[in-house]
Amino acid sequence: MKKVRRIIILLLSFCLMMTMAGCSNEKKAQEKYDDKEFVKDMGKGLEARWDLNKKDEKKPGYKDILLQSKEYKEMMESYIAAELKYLKKYKNAKFKDSELQELAITYINYLNKSKKICKYIPVDYEGKYAEAAQSIYDGRSKIIEKMVSEYGLTVSKKYKETLDEFKTNSKLVKEEEDVKEKVDVMLKNAKFKMTSDDYGYKTYQAVITNNTGKDFESFSVDINLLDKKDVIIETMYDSLENFKNGAKARLQFQTNEKFTSTEMTASWQIK
């Protein structure tokens with residue numbers, strides 16, 4: 001009798017497990033992801049934005065609109081709203097591809113930031129607005145290019161040229177980021193050594209090697225002298241001309257200040 005009970009219990013347990021597994025599989029089958037819908041709606045959002053822009057360009061007096069005017073601010077806000085209309089719902093959507101989800105959220109955040117900085121258009125267009133807007137445009141460009149190359153984002157033929165502009169800008173931005181990263185490494189590896197001491201006024205030199213893959217028409221370096229608490233004591237400056245890829249160059253400064261370390265930042269013009 002006990003043996004029969006055990007068999008019944010085992011059968012019931014097996015049936016329960018199969019039922020639970022079936023429910024789990026059914027639940028998974030019913031799960032809906034928004035990956036494809038997001039890609040489509042991103043294309044629609046871009047076209048809606050560009051449609052508004054085209055309409056505005058055809059309005060009488062468009063070329064006379066001042067960049068710092070209320071009218072220009074309202075146009076920018078309408079373009080952003082056109083995209084957000086399609087995309088804001090994906091902020092908390094479910095994605096199967098986690099990288100795509102990250103791209104979606106980042107892109108939506110860029111649009112929201114664009115909306116916020118519009119308040120600077122009438123008061124500081126060439127300052128805060130222009131700087132922030134360029135950064136956002138560059139970030140959007142990189143995402144748009146990735147969406148095209150990896151996720152099949154498309155727009156209608158009439159906007160192919162506009163889309164290509166974003167793709168081109170993305171490539172330029174990534175090239176600039178790559179050069180900056182290599183310049184940062186180059187400067188980080190530079191070690192200044194004292195080469196002379198004239199009555200307490202000391203000369204320091206460091207050799208750097210251009211391994212960036214670019215020829216610099218000009219290359220300028222700000223050198224912060226830091227104390228043991230990383231407080232800036234003094235800022236020195238040096239510059240180079242015609243600093244070609246693979247070339248070595250000597251940076252130099254003189255000071256009578258006592259410092260513990262240096263920190264460098266550079267600006268450059270590529271040939």
# chains A, B, ... in the order shown; residues from 1 in each chain; ligands from 1
call {"tool": "residues_around", "arguments": {"residues": "region 194-209 of chain A", "least_positions_apart": "5", "cutoff": "6 Å", "atoms": "only C-alpha atoms", "output": "VMD selection string"}}
result
chain A and resid 247 to 256
call {"tool": "write_last_selection", "arguments": {"atoms": "C-alpha atoms", "output": "PDB file, in the first residue's frame"}}
result
ATOM      1  CA  ALA A 247      57.929  62.522 -34.421  1.00  0.00           C
ATOM      2  CA  LYS A 248      59.384  63.269 -31.000  1.00  0.00           C
ATOM      3  CA  ALA A 249      59.274  66.716 -29.423  1.00  0.00           C
ATOM      4  CA  ARG A 250      60.551  68.376 -26.267  1.00  0.00           C
ATOM      5  CA  LEU A 251      58.264  70.268 -23.906  1.00  0.00           C
ATOM      6  CA  GLN A 252      59.882  72.775 -21.589  1.00  0.00           C
ATOM      7  CA  PHE A 253      59.077  75.275 -18.862  1.00  0.00           C
ATOM      8  CA  GLN A 254      60.899  77.300 -16.222  1.00  0.00           C
ATOM      9  CA  THR A 255      59.774  78.049 -12.691  1.00  0.00           C
ATOM     10  CA  ASN A 256      61.006  78.948  -9.248  1.00  0.00           C
TER      11      ASN A 256
END
call {"tool": "closest_residue", "arguments": {"among": "A:Tyr86, A:Tyr107, A:Tyr33, A:Tyr159", "to": "Arg140 (chain A)", "atoms": "only C-alpha atoms"}}
result
A:Tyr107
call {"tool": "select_by_dssp", "arguments": {"residues": "region 110-177 of chain A", "states": "alpha helix (DSSP H)", "output": "MDAnalysis selection string"}}
result
chainID A and resid 110:117 121:124 130:151 160:177
call {"tool": "write_last_selection", "arguments": {"atoms": "C-alpha atoms", "output": "tab-separated table (two decimals), in the first residue's frame"}}
result
chain	number	residue	atom	x	y	z
A	110	TYR	CA	19.59	63.56	-25.29
A	111	LEU	CA	16.21	64.80	-26.53
A	112	ASN	CA	15.14	65.78	-23.01
A	113	LYS	CA	18.43	67.63	-22.51
A	114	SER	CA	17.85	69.39	-25.84
A	115	LYS	CA	14.50	70.56	-24.56
A	116	LYS	CA	15.98	71.88	-21.32
A	117	ILE	CA	18.77	73.90	-22.92
A	121	ILE	CA	18.58	80.39	-26.75
A	122	PRO	CA	17.29	83.94	-26.09
A	123	VAL	CA	19.90	84.79	-23.45
A	124	ASP	CA	23.12	82.94	-24.30
A	130	ALA	CA	25.72	76.38	-28.64
A	131	GLU	CA	28.19	74.34	-26.56
A	132	ALA	CA	25.55	72.02	-25.11
A	133	ALA	CA	23.68	71.70	-28.43
A	134	GLN	CA	26.85	70.62	-30.25
A	135	SER	CA	27.60	67.98	-27.63
A	136	ILE	CA	24.04	66.63	-27.90
A	137	TYR	CA	24.17	66.66	-31.71
A	138	ASP	CA	27.42	64.68	-31.63
A	139	GLY	CA	25.94	62.16	-29.20
A	140	ARG	CA	22.79	61.75	-31.27
A	141	SER	CA	24.91	61.32	-34.41
A	142	LYS	CA	26.80	58.38	-32.93
A	143	ILE	CA	23.60	56.65	-31.84
A	144	ILE	CA	21.89	57.24	-35.19
A	145	GLU	CA	24.85	55.82	-37.08
A	146	LYS	CA	24.89	52.74	-34.82
A	147	MET	CA	21.15	52.30	-35.25
A	148	VAL	CA	21.60	52.34	-39.04
A	149	SER	CA	24.60	50.00	-39.19
A	150	GLU	CA	23.58	47.50	-36.50
A	151	TYR	CA	19.80	47.68	-36.11
A	160	LYS	CA	18.82	59.99	-47.16
A	161	GLU	CA	21.09	63.02	-47.47
A	162	THR	CA	20.12	64.27	-44.00
A	163	LEU	CA	20.74	60.84	-42.52
A	164	ASP	CA	24.12	60.69	-44.25
A	165	GLU	CA	25.07	63.98	-42.60
A	166	PHE	CA	24.52	62.43	-39.18
A	167	LYS	CA	26.55	59.37	-40.15
A	168	THR	CA	29.41	61.54	-41.42
A	169	ASN	CA	29.39	63.65	-38.25
A	170	SER	CA	29.45	60.48	-36.16
A	171	LYS	CA	32.60	59.30	-37.90
A	172	LEU	CA	34.27	62.67	-37.38
A	173	VAL	CA	33.34	62.70	-33.69
A	174	LYS	CA	34.70	59.19	-33.17
A	175	GLU	CA	37.93	60.14	-34.93
A	176	GLU	CA	38.29	63.18	-32.65
A	177	GLU	CA	37.61	61.05	-29.58
call {"tool": "closest_residue", "arguments": {"among": "A:Lys191, A:Lys63, A:Lys58, A:Lys182", "to": "Ser261 (chain A)", "atoms": "only C-alpha atoms"}}
result
A:Lys191
call {"tool": "select_by_dssp", "arguments": {"residues": "region 11-227 of chain A", "states": "strand (DSSP E)", "output": "PyMOL selection string"}}
result
chain A and resi 193-198+201-209+216-226
call {"tool": "residues_around", "arguments": {"residues": "Ser220 (chain A)", "least_positions_apart": "4", "cutoff": "12 Å", "atoms": "only C-alpha atoms", "output": "list in words"}}
result
Val183, Leu187, Phe216, Met236, Tyr237, Asp238, Ser239, Leu240, Glu241, Asn242, Phe243, Ala249, Leu251, Gln252, Met264, Thr265, Ala266, Ser267, Trp268, Gln269 and Ile270 of chain A
call {"tool": "residues_around", "arguments": {"residues": "region 70-74 of chain A", "least_positions_apart": "5", "cutoff": "9 Å", "atoms": "only C-alpha atoms", "output": "mmCIF file with N, CA, C and O atoms, in the first residue's frame"}}
result
data_model
loop_
_atom_site.group_PDB
_atom_site.id
_atom_site.type_symbol
_atom_site.label_atom_id
_atom_site.label_comp_id
_atom_site.auth_asym_id
_atom_site.auth_seq_id
_atom_site.Cartn_x
_atom_site.Cartn_y
_atom_site.Cartn_z
ATOM 1 N N ILE A 65 14.982 85.019 -39.489
ATOM 2 C CA ILE A 65 14.762 84.694 -38.077
ATOM 3 C C ILE A 65 16.097 84.713 -37.325
ATOM 4 O O ILE A 65 17.056 84.060 -37.720
ATOM 5 N N TYR A 79 10.677 70.755 -32.901
ATOM 6 C CA TYR A 79 11.410 69.651 -33.524
ATOM 7 C C TYR A 79 11.660 68.538 -32.508
ATOM 8 O O TYR A 79 11.501 67.338 -32.799
ATOM 9 N N CYS A 118 16.986 74.734 -24.345
ATOM 10 C CA CYS A 118 16.347 75.744 -25.203
ATOM 11 C C CYS A 118 16.131 77.061 -24.458
ATOM 12 O O CYS A 118 16.028 78.123 -25.086
ATOM 13 N N LYS A 119 16.090 76.996 -23.129
ATOM 14 C CA LYS A 119 15.896 78.225 -22.345
ATOM 15 C C LYS A 119 17.072 79.188 -22.503
ATOM 16 O O LYS A 119 16.949 80.390 -22.236
ATOM 17 N N TYR A 120 18.219 78.670 -22.941
ATOM 18 C CA TYR A 120 19.393 79.520 -23.128
ATOM 19 C C TYR A 120 19.424 80.217 -24.489
ATOM 20 O O TYR A 120 20.247 81.112 -24.707
ATOM 21 N N ILE A 121 18.554 79.822 -25.398
ATOM 22 C CA ILE A 121 18.585 80.389 -26.751
ATOM 23 C C ILE A 121 18.429 81.910 -26.754
ATOM 24 O O ILE A 121 19.232 82.612 -27.383
ATOM 25 N N PRO A 122 17.444 82.477 -26.038
ATOM 26 C CA PRO A 122 17.285 83.941 -26.094
ATOM 27 C C PRO A 122 18.338 84.710 -25.306
ATOM 28 O O PRO A 122 18.543 85.896 -25.545
#
call {"tool": "residues_around", "arguments": {"residues": "Phe38 (chain A)", "least_positions_apart": "4", "cutoff": "10 Å", "atoms": "only C-alpha atoms", "output": "PDB file with N, CA, C and O atoms, in the first residue's frame"}}
result
ATOM      1  N   TYR A  33       8.478  42.107 -26.557  1.00  0.00           N
ATOM      2  CA  TYR A  33       9.590  43.040 -26.518  1.00  0.00           C
ATOM      3  C   TYR A  33       9.356  44.154 -27.526  1.00  0.00           C
ATOM      4  O   TYR A  33       8.683  43.964 -28.532  1.00  0.00           O
ATOM      5  N   ASP A  34       9.960  45.322 -27.243  1.00  0.00           N
ATOM      6  CA  ASP A  34       9.722  46.508 -28.060  1.00  0.00           C
ATOM      7  C   ASP A  34      10.886  46.873 -28.967  1.00  0.00           C
ATOM      8  O   ASP A  34      10.934  47.987 -29.494  1.00  0.00           O
ATOM      9  N   MET A  42      11.796  55.235 -34.105  1.00  0.00           N
ATOM     10  CA  MET A  42      12.897  56.192 -34.148  1.00  0.00           C
ATOM     11  C   MET A  42      13.007  56.798 -35.548  1.00  0.00           C
ATOM     12  O   MET A  42      13.222  58.008 -35.702  1.00  0.00           O
ATOM     13  N   GLY A  43      12.838  55.962 -36.566  1.00  0.00           N
ATOM     14  CA  GLY A  43      12.828  56.454 -37.941  1.00  0.00           C
ATOM     15  C   GLY A  43      11.677  57.421 -38.175  1.00  0.00           C
ATOM     16  O   GLY A  43      11.849  58.466 -38.811  1.00  0.00           O
ATOM     17  N   LYS A  44      10.504  57.083 -37.641  1.00  0.00           N
ATOM     18  CA  LYS A  44       9.332  57.949 -37.787  1.00  0.00           C
ATOM     19  C   LYS A  44       9.559  59.281 -37.074  1.00  0.00           C
ATOM     20  O   LYS A  44       9.164  60.350 -37.571  1.00  0.00           O
ATOM     21  N   TYR A  86       7.117  60.145 -30.534  1.00  0.00           N
ATOM     22  CA  TYR A  86       7.259  58.742 -30.924  1.00  0.00           C
ATOM     23  C   TYR A  86       8.097  57.933 -29.941  1.00  0.00           C
ATOM     24  O   TYR A  86       7.900  56.717 -29.815  1.00  0.00           O
ATOM     25  N   LEU A  87       9.015  58.587 -29.240  1.00  0.00           N
ATOM     26  CA  LEU A  87      10.018  57.828 -28.492  1.00  0.00           C
ATOM     27  C   LEU A  87       9.890  57.837 -26.966  1.00  0.00           C
ATOM     28  O   LEU A  87      10.423  56.944 -26.298  1.00  0.00           O
ATOM     29  N   LYS A  89       7.723  56.972 -24.921  1.00  0.00           N
ATOM     30  CA  LYS A  89       7.111  55.784 -24.327  1.00  0.00           C
ATOM     31  C   LYS A  89       8.101  54.644 -24.129  1.00  0.00           C
ATOM     32  O   LYS A  89       7.825  53.687 -23.395  1.00  0.00           O
ATOM     33  N   TYR A  90       9.256  54.730 -24.793  1.00  0.00           N
ATOM     34  CA  TYR A  90      10.237  53.644 -24.696  1.00  0.00           C
ATOM     35  C   TYR A  90      11.203  53.814 -23.532  1.00  0.00           C
ATOM     36  O   TYR A  90      12.093  52.999 -23.349  1.00  0.00           O
ATOM     37  N   ALA A  93      10.250  50.889 -21.540  1.00  0.00           N
ATOM     38  CA  ALA A  93       9.807  49.730 -22.325  1.00  0.00           C
ATOM     39  C   ALA A  93      10.688  48.514 -22.058  1.00  0.00           C
ATOM     40  O   ALA A  93      11.759  48.610 -21.454  1.00  0.00           O
ATOM     41  N   PHE A  95      13.005  45.590 -23.528  1.00  0.00           N
ATOM     42  CA  PHE A  95      13.830  45.258 -24.685  1.00  0.00           C
ATOM     43  C   PHE A  95      14.481  43.893 -24.489  1.00  0.00           C
ATOM     44  O   PHE A  95      14.916  43.549 -23.384  1.00  0.00           O
ATOM     45  N   LEU A 100      20.551  47.713 -27.111  1.00  0.00           N
ATOM     46  CA  LEU A 100      19.571  48.560 -27.793  1.00  0.00           C
ATOM     47  C   LEU A 100      18.786  49.374 -26.775  1.00  0.00           C
ATOM     48  O   LEU A 100      18.489  50.550 -26.995  1.00  0.00           O
ATOM     49  N   GLN A 101      18.442  48.756 -25.672  1.00  0.00           N
ATOM     50  CA  GLN A 101      17.726  49.463 -24.608  1.00  0.00           C
ATOM     51  C   GLN A 101      18.553  50.641 -24.086  1.00  0.00           C
ATOM     52  O   GLN A 101      18.032  51.740 -23.877  1.00  0.00           O
ATOM     53  N   ALA A 104      18.461  53.373 -26.625  1.00  0.00           N
ATOM     54  CA  ALA A 104      17.153  54.028 -26.614  1.00  0.00           C
ATOM     55  C   ALA A 104      17.054  55.035 -25.475  1.00  0.00           C
ATOM     56  O   ALA A 104      16.652  56.195 -25.678  1.00  0.00           O
ATOM     57  N   LEU A 153      17.986  50.772 -38.915  1.00  0.00           N
ATOM     58  CA  LEU A 153      17.190  52.002 -38.964  1.00  0.00           C
ATOM     59  C   LEU A 153      17.180  52.553 -40.383  1.00  0.00           C
ATOM     60  O   LEU A 153      18.220  52.660 -41.028  1.00  0.00           O
TER      61      LEU A 153
END
call {"tool": "decode", "arguments": {"residues": "region 58-91 of chain A", "atoms": "N, CA, C and O atoms", "output": "tab-separated table (two decimals), in the first residue's frame"}}
result
chain	number	residue	atom	x	y	z
A	58	LYS	N	10.45	76.74	-45.64
A	58	LYS	CA	9.67	77.25	-46.77
A	58	LYS	C	8.82	78.47	-46.40
A	58	LYS	O	8.24	79.11	-47.28
A	59	LYS	N	8.73	78.78	-45.11
A	59	LYS	CA	7.92	79.91	-44.67
A	59	LYS	C	8.57	81.25	-45.07
A	59	LYS	O	9.80	81.36	-45.03
A	60	PRO	N	7.76	82.23	-45.44
A	60	PRO	CA	8.31	83.56	-45.76
A	60	PRO	C	9.05	84.15	-44.55
A	60	PRO	O	8.57	84.07	-43.42
A	61	GLY	N	10.21	84.69	-44.80
A	61	GLY	CA	10.97	85.33	-43.72
A	61	GLY	C	11.80	84.39	-42.88
A	61	GLY	O	12.40	84.80	-41.88
A	62	TYR	N	11.85	83.10	-43.26
A	62	TYR	CA	12.60	82.11	-42.46
A	62	TYR	C	14.07	82.52	-42.30
A	62	TYR	O	14.63	82.43	-41.21
A	63	LYS	N	14.69	83.00	-43.38
A	63	LYS	CA	16.10	83.35	-43.35
A	63	LYS	C	16.40	84.56	-42.48
A	63	LYS	O	17.56	84.81	-42.12
A	64	ASP	N	15.35	85.31	-42.15
A	64	ASP	CA	15.54	86.51	-41.33
A	64	ASP	C	15.34	86.26	-39.84
A	64	ASP	O	15.52	87.16	-39.02
A	65	ILE	N	14.98	85.02	-39.49
A	65	ILE	CA	14.76	84.69	-38.08
A	65	ILE	C	16.10	84.71	-37.33
A	65	ILE	O	17.06	84.06	-37.72
A	66	LEU	N	16.15	85.46	-36.24
A	66	LEU	CA	17.38	85.57	-35.45
A	66	LEU	C	17.55	84.32	-34.58
A	66	LEU	O	16.58	83.79	-34.04
A	67	LEU	N	18.80	83.89	-34.45
A	67	LEU	CA	19.08	82.68	-33.67
A	67	LEU	C	18.71	82.83	-32.20
A	67	LEU	O	18.41	81.85	-31.53
A	68	GLN	N	18.75	84.07	-31.70
A	68	GLN	CA	18.43	84.31	-30.30
A	68	GLN	C	16.98	84.73	-30.08
A	68	GLN	O	16.62	85.18	-29.00
A	69	SER	N	16.16	84.54	-31.10
A	69	SER	CA	14.77	85.00	-31.00
A	69	SER	C	13.87	83.95	-30.35
A	69	SER	O	14.19	82.76	-30.31
A	70	LYS	N	12.74	84.42	-29.89
A	70	LYS	CA	11.73	83.54	-29.31
A	70	LYS	C	11.20	82.58	-30.37
A	70	LYS	O	10.91	81.41	-30.09
A	71	GLU	N	11.07	83.08	-31.60
A	71	GLU	CA	10.57	82.25	-32.70
A	71	GLU	C	11.50	81.07	-32.97
A	71	GLU	O	11.04	79.94	-33.19
A	72	TYR	N	12.79	81.32	-32.96
A	72	TYR	CA	13.76	80.24	-33.19
A	72	TYR	C	13.69	79.21	-32.05
A	72	TYR	O	13.73	78.00	-32.29
A	73	LYS	N	13.56	79.70	-30.83
A	73	LYS	CA	13.43	78.81	-29.66
A	73	LYS	C	12.21	77.91	-29.80
A	73	LYS	O	12.29	76.69	-29.56
A	74	GLU	N	11.09	78.47	-30.22
A	74	GLU	CA	9.86	77.69	-30.38
A	74	GLU	C	10.00	76.64	-31.49
A	74	GLU	O	9.45	75.54	-31.38
A	75	MET	N	10.72	76.98	-32.55
A	75	MET	CA	10.95	76.01	-33.62
A	75	MET	C	11.77	74.83	-33.11
A	75	MET	O	11.45	73.67	-33.38
A	76	MET	N	12.84	75.12	-32.38
A	76	MET	CA	13.68	74.05	-31.83
A	76	MET	C	12.88	73.14	-30.92
A	76	MET	O	12.99	71.90	-30.96
A	77	GLU	N	12.05	73.74	-30.10
A	77	GLU	CA	11.23	72.96	-29.16
A	77	GLU	C	10.24	72.08	-29.91
A	77	GLU	O	9.96	70.94	-29.49
A	78	SER	N	9.71	72.59	-31.03
A	78	SER	CA	8.75	71.79	-31.80
A	78	SER	C	9.42	70.59	-32.47
A	78	SER	O	8.84	69.52	-32.56
A	79	TYR	N	10.68	70.75	-32.90
A	79	TYR	CA	11.41	69.65	-33.52
A	79	TYR	C	11.66	68.54	-32.51
A	79	TYR	O	11.50	67.34	-32.80
A	80	ILE	N	12.05	68.95	-31.31
A	80	ILE	CA	12.33	67.97	-30.25
A	80	ILE	C	11.05	67.24	-29.86
A	80	ILE	O	11.04	66.02	-29.69
A	81	ALA	N	9.97	68.00	-29.74
A	81	ALA	CA	8.68	67.40	-29.37
A	81	ALA	C	8.21	66.39	-30.41
A	81	ALA	O	7.60	65.38	-30.07
A	82	ALA	N	8.53	66.65	-31.68
A	82	ALA	CA	8.12	65.74	-32.75
A	82	ALA	C	8.77	64.37	-32.58
A	82	ALA	O	8.13	63.34	-32.81
A	83	GLU	N	10.02	64.36	-32.18
A	83	GLU	CA	10.71	63.08	-31.94
A	83	GLU	C	10.20	62.42	-30.66
A	83	GLU	O	9.97	61.20	-30.62
A	84	LEU	N	10.08	63.20	-29.61
A	84	LEU	CA	9.66	62.64	-28.32
A	84	LEU	C	8.26	62.04	-28.39
A	84	LEU	O	7.95	61.10	-27.65
A	85	LYS	N	7.43	62.57	-29.27
A	85	LYS	CA	6.09	62.03	-29.43
A	85	LYS	C	6.14	60.54	-29.75
A	85	LYS	O	5.30	59.75	-29.30
A	86	TYR	N	7.12	60.15	-30.53
A	86	TYR	CA	7.26	58.74	-30.92
A	86	TYR	C	8.10	57.93	-29.94
A	86	TYR	O	7.90	56.72	-29.82
A	87	LEU	N	9.01	58.59	-29.24
A	87	LEU	CA	10.02	57.83	-28.49
A	87	LEU	C	9.89	57.84	-26.97
A	87	LEU	O	10.42	56.94	-26.30
A	88	LYS	N	9.21	58.82	-26.39
A	88	LYS	CA	9.20	58.93	-24.93
A	88	LYS	C	8.61	57.69	-24.24
A	88	LYS	O	8.99	57.37	-23.12
A	89	LYS	N	7.72	56.97	-24.92
A	89	LYS	CA	7.11	55.78	-24.33
A	89	LYS	C	8.10	54.64	-24.13
A	89	LYS	O	7.83	53.69	-23.39
A	90	TYR	N	9.26	54.73	-24.79
A	90	TYR	CA	10.24	53.64	-24.70
A	90	TYR	C	11.20	53.81	-23.53
A	90	TYR	O	12.09	53.00	-23.35
A	91	LYS	N	11.01	54.86	-22.75
A	91	LYS	CA	11.87	55.11	-21.58
A	91	LYS	C	11.82	53.93	-20.61
A	91	LYS	O	12.84	53.53	-20.03
